[in-house]
Amino acid sequence: MDTLGFWVGIVATIAFAVTGVLAIADRGVDLFGVLVLGIITAIGGGTVRDLILGAPIFWAEFPVYVWVALGASIFTFVAESFFSQPQIYRWMLYIDGFGAALFAIQGADKAWNLHFGYPVAPVILGVITAIGGGLLRDILAGRKTLLMSHELYAIPVTLGCIMYILILNFLPLYVYEGSIVCMLSIFGLRVAAIYWDLRVPGIFITKRR
Amino acid sequence: MDTLGFWVGIVATIAFAVTGVLAIADRGVDLFGVLVLGIITAIGGGTVRDLILGAPIFWAEFPVYVWVALGASIFTFVAESFFSQPQIYRWMLYIDGFGAALFAIQGADKAWNLHFGYPVAPVILGVITAIGGGLLRDILAGRKTLLMSHELYAIPVTLGCIMYILILNFLPLYVYEGSIVCMLSIFGLRVAAIYWDLRVPGIFITKRR
Amino acid sequence: MDTLGFWVGIVATIAFAVTGVLAIADRGVDLFGVLVLGIITAIGGGTVRDLILGAPIFWAEFPVYVWVALGASIFTFVAESFFSQPQIYRWMLYIDGFGAALFAIQGADKAWNLHFGYPVAPVILGVITAIGGGLLRDILAGRKTLLMSHELYAIPVTLGCIMYILILNFLPLYVYEGSIVCMLSIFGLRVAAIYWDLRVPGIFITKRR
């Protein structure tokens, strides 16, 4: 992992831990639950990715990710009333979108480099890296998961991963530029979804009976 | 994997994706959620089995299973009103029972051939292969899982796996015929349970307080 | 694994299966669900630990743990009215606390000996070994998990694991005595929490909105 990637990963980890804690704070969770769920939100997706890849779990090699997630979770618990302000919370969601963009492309890239069942598996593993931690948190906290919420979150992540795999396949000379473009696409779509409160249109939703 | 096994596996994958999508469609899921949950229903059990076995995940080697699950899920989303007709849905349940029978014996067989903790572990892994995907789907969709529903689903699967392991152990010369008999037993019990709407008798259920 | 550790592990497995079944019995579960959820409570935490460690799953090597969990679950199903008596149930909770203490230190020790991402990862894996099975059971049974319940369960376990890792790091000559002290600390805190019905104080709980 290069130095830039490492530091960007740290920022994304902080963002995931903070939004992970804020998402459950209104349910009356104790400090220990907050720490566990904050850490799981931040490193859960990458953990599932590494399990499926059969690769060593990333936080065994870089325990700093756990420390960072732990610190961010404690800080969010203490400063929850600050972070819960609508304006600050919205900023956190933007940073969270940036984290999702980064983790998705990192995850897809890792699977691709390990020649893991391309072309379809790297997309799946990119998506798992980005949303897996949030899914685990919601399951453990008894919340409705992202998959049932009609949020425009997983769709931008998936489109970005597909785009990145197409670039890796057909434009291998432009992988570096391509990865930036794919991340910005995911991030841009997330920003738009947060800013205009966009949701999945009804025609793409099954009828509730 | 032999050619017959491959094609039968494809049919089972389609059946699992279709019934997986139908099971959650009435909760108002968006297209993306449908695709994810359809794919998870179809390939989730085998994924958990391979993780526990420490074997390479099957869909990394045969990505076609993901494509098939994806296609079947999209098709079910589009044609949901067709599949939801009681008569058609019942046919889907029969095919799903066939899929469960196949996946269970395949899973037990894979664990046995890897000498994985016999005699008890191959039975567990056969059951996980058959019902694990459905459990993951229900957890992610916030539904009551199979384990709490008193359906006659996991019990036939488990009996079939036990029977198959007994045959592998005591009648190794008749493994091929035995695998067919075990699959037909699971399938037959499922068909009977669907046809007569059989459920677990009350004497085997703890008292609700 | 030494002989003493093996037998103590058997006792802990029985305790986890019994309390695992009792925790869900009041929801009207059928015998098959009871067996699956009892086994998962008893061996689920160690399974997740071994998956993350990339180590062979312990019950593939020692299937006796599955048999013991199976037997204890059947026995609890049959004798549920006996175990549900408040006085007996409390004794089961004490034994469960002993099991948690043992599994936590065993799990942390296993991760430490595999040089798995110390110092933070062995603590995480000790906690997962002790509470992972109960979390899986609660998710599959649709119950509120331990993380949301303000019970003093995971906190003693975590403190004991931290203490044990500190001893492994700074007092390597006293590991054996240290492991006993750490287990007794976890067990003692659990006994106190059960006896006086202690819970996480409100100041460590986020406001429910």
# chains A, B, ... in the order shown; residues from 1 in each chain; ligands from 1

$ interface_residues --of "chain A" --to "chain C" --cutoff "6 Å" --atoms "only C-alpha atoms" --output "PyMOL selection string"
chain A and resi 25-31+33+60-61

$ write_last_selection --atoms "N, CA and C atoms" --output "PDB file, in the first residue's frame"
ATOM      1  N   ALA A  25     -26.568   6.053  17.538  1.00  0.00           N
ATOM      2  CA  ALA A  25     -26.539   6.726  18.846  1.00  0.00           C
ATOM      3  C   ALA A  25     -27.939   6.978  19.389  1.00  0.00           C
ATOM      4  N   ASP A  26     -28.914   7.211  18.487  1.00  0.00           N
ATOM      5  CA  ASP A  26     -30.260   7.552  18.962  1.00  0.00           C
ATOM      6  C   ASP A  26     -31.031   6.340  19.481  1.00  0.00           C
ATOM      7  N   ARG A  27     -30.391   5.183  19.526  1.00  0.00           N
ATOM      8  CA  ARG A  27     -31.079   3.986  20.025  1.00  0.00           C
ATOM      9  C   ARG A  27     -30.698   3.670  21.469  1.00  0.00           C
ATOM     10  N   GLY A  28     -29.931   4.565  22.100  1.00  0.00           N
ATOM     11  CA  GLY A  28     -29.540   4.307  23.481  1.00  0.00           C
ATOM     12  C   GLY A  28     -28.542   3.177  23.590  1.00  0.00           C
ATOM     13  N   VAL A  29     -27.357   3.357  23.013  1.00  0.00           N
ATOM     14  CA  VAL A  29     -26.322   2.331  23.050  1.00  0.00           C
ATOM     15  C   VAL A  29     -25.309   2.716  24.123  1.00  0.00           C
ATOM     16  N   ASP A  30     -24.754   1.721  24.818  1.00  0.00           N
ATOM     17  CA  ASP A  30     -23.742   2.069  25.810  1.00  0.00           C
ATOM     18  C   ASP A  30     -22.369   2.216  25.143  1.00  0.00           C
ATOM     19  N   LEU A  31     -21.437   2.813  25.903  1.00  0.00           N
ATOM     20  CA  LEU A  31     -20.116   3.128  25.346  1.00  0.00           C
ATOM     21  C   LEU A  31     -19.464   1.907  24.708  1.00  0.00           C
ATOM     22  N   GLY A  33     -20.903  -0.783  23.400  1.00  0.00           N
ATOM     23  CA  GLY A  33     -21.590  -1.065  22.140  1.00  0.00           C
ATOM     24  C   GLY A  33     -21.181  -0.084  21.058  1.00  0.00           C
ATOM     25  N   ALA A  60      -4.852  -7.074  10.751  1.00  0.00           N
ATOM     26  CA  ALA A  60      -3.826  -7.837  11.461  1.00  0.00           C
ATOM     27  C   ALA A  60      -2.448  -7.291  11.076  1.00  0.00           C
ATOM     28  N   GLU A  61      -2.344  -6.844   9.813  1.00  0.00           N
ATOM     29  CA  GLU A  61      -1.084  -6.285   9.338  1.00  0.00           C
ATOM     30  C   GLU A  61      -0.951  -4.813   9.735  1.00  0.00           C
TER      31      GLU A  61
END

$ residues_around --residues "B:Tyr195" --least-positions-apart "5" --cutoff "12 Å" --atoms "only C-alpha atoms" --output "PyMOL selection string"
chain B and resi 87+90-91+93-94+97+152+187-190

$ write_last_selection --atoms "N, CA and C atoms" --output "PDB file, in the first residue's frame"
ATOM      1  N   GLN B  87     -50.254 -20.499  -8.162  1.00  0.00           N
ATOM      2  CA  GLN B  87     -49.912 -21.756  -8.819  1.00  0.00           C
ATOM      3  C   GLN B  87     -48.459 -21.767  -9.278  1.00  0.00           C
ATOM      4  N   ARG B  90     -46.025 -21.916  -6.304  1.00  0.00           N
ATOM      5  CA  ARG B  90     -45.877 -23.272  -5.769  1.00  0.00           C
ATOM      6  C   ARG B  90     -44.878 -24.080  -6.599  1.00  0.00           C
ATOM      7  N   TRP B  91     -44.936 -23.936  -7.915  1.00  0.00           N
ATOM      8  CA  TRP B  91     -43.958 -24.619  -8.763  1.00  0.00           C
ATOM      9  C   TRP B  91     -42.539 -24.157  -8.443  1.00  0.00           C
ATOM     10  N   LEU B  93     -41.521 -23.165  -5.559  1.00  0.00           N
ATOM     11  CA  LEU B  93     -41.136 -23.791  -4.292  1.00  0.00           C
ATOM     12  C   LEU B  93     -40.661 -25.226  -4.510  1.00  0.00           C
ATOM     13  N   TYR B  94     -41.326 -25.935  -5.432  1.00  0.00           N
ATOM     14  CA  TYR B  94     -40.868 -27.302  -5.729  1.00  0.00           C
ATOM     15  C   TYR B  94     -39.445 -27.267  -6.287  1.00  0.00           C
ATOM     16  N   GLY B  97     -37.043 -26.621  -3.643  1.00  0.00           N
ATOM     17  CA  GLY B  97     -36.777 -27.833  -2.859  1.00  0.00           C
ATOM     18  C   GLY B  97     -35.777 -28.736  -3.562  1.00  0.00           C
ATOM     19  N   LEU B 152     -40.985 -27.185   7.496  1.00  0.00           N
ATOM     20  CA  LEU B 152     -40.250 -28.434   7.279  1.00  0.00           C
ATOM     21  C   LEU B 152     -39.303 -28.224   6.110  1.00  0.00           C
ATOM     22  N   PHE B 187     -35.886 -33.973  -1.555  1.00  0.00           N
ATOM     23  CA  PHE B 187     -36.840 -33.364  -2.470  1.00  0.00           C
ATOM     24  C   PHE B 187     -38.251 -33.873  -2.194  1.00  0.00           C
ATOM     25  N   GLY B 188     -38.384 -35.198  -1.995  1.00  0.00           N
ATOM     26  CA  GLY B 188     -39.699 -35.777  -1.741  1.00  0.00           C
ATOM     27  C   GLY B 188     -40.330 -35.225  -0.465  1.00  0.00           C
ATOM     28  N   LEU B 189     -39.531 -35.116   0.595  1.00  0.00           N
ATOM     29  CA  LEU B 189     -40.055 -34.571   1.852  1.00  0.00           C
ATOM     30  C   LEU B 189     -40.476 -33.114   1.668  1.00  0.00           C
ATOM     31  N   ARG B 190     -39.683 -32.352   0.901  1.00  0.00           N
ATOM     32  CA  ARG B 190     -40.047 -30.951   0.649  1.00  0.00           C
ATOM     33  C   ARG B 190     -41.351 -30.865  -0.142  1.00  0.00           C
TER      34      ARG B 190
END

$ residues_around --residues "A:Ile43" --least-positions-apart "4" --cutoff "12 Å" --atoms "only C-alpha atoms" --output "number ranges by chain"
A: 9-10, 12-17, 20, 36-39, 47-50, 57-60, 62-70, 99-100, 103, 128-137

$ residues_around --residues "C:Ile180" --least-positions-apart "3" --cutoff "10 Å" --atoms "only C-alpha atoms" --output "list of chain:residue names"
C:Ala101, C:Leu102, C:Ile105, C:Tyr164, C:Val175, C:Tyr176, C:Glu177, C:Met183, C:Leu184, C:Ser185

$ residues_around --residues "B:Phe75" --least-positions-apart "4" --cutoff "10 Å" --atoms "only C-alpha atoms" --output "number ranges by chain"
B: 17-18, 21, 35, 69-71, 79-80, 83

$ atom_distance --atom1 "atom CA of A:Leu168" --atom2 "atom CA of A:Val127"
16.5 Å

$ atom_distance --atom1 "atom CA of A:Gly45" --atom2 "atom CA of A:Ala104"
9.6 Å

$ atom_distance --atom1 "atom CA of B:Gln106" --atom2 "atom CA of B:Ala192"
22.2 Å

$ select_by_dssp --residues "chain C" --states "helix (DSSP H, G or I)" --output "MDAnalysis selection string"
chainID C and resid 3:25 31:53 58:61 64:78 80:83 86:113 120:141 146:148 154:170 172:195 202:204

$ select_by_dssp --residues "chain A" --states "strand (DSSP E or B)" --output "list in words"
Asp30, Glu151, Arg199 and Ile205 of chain A
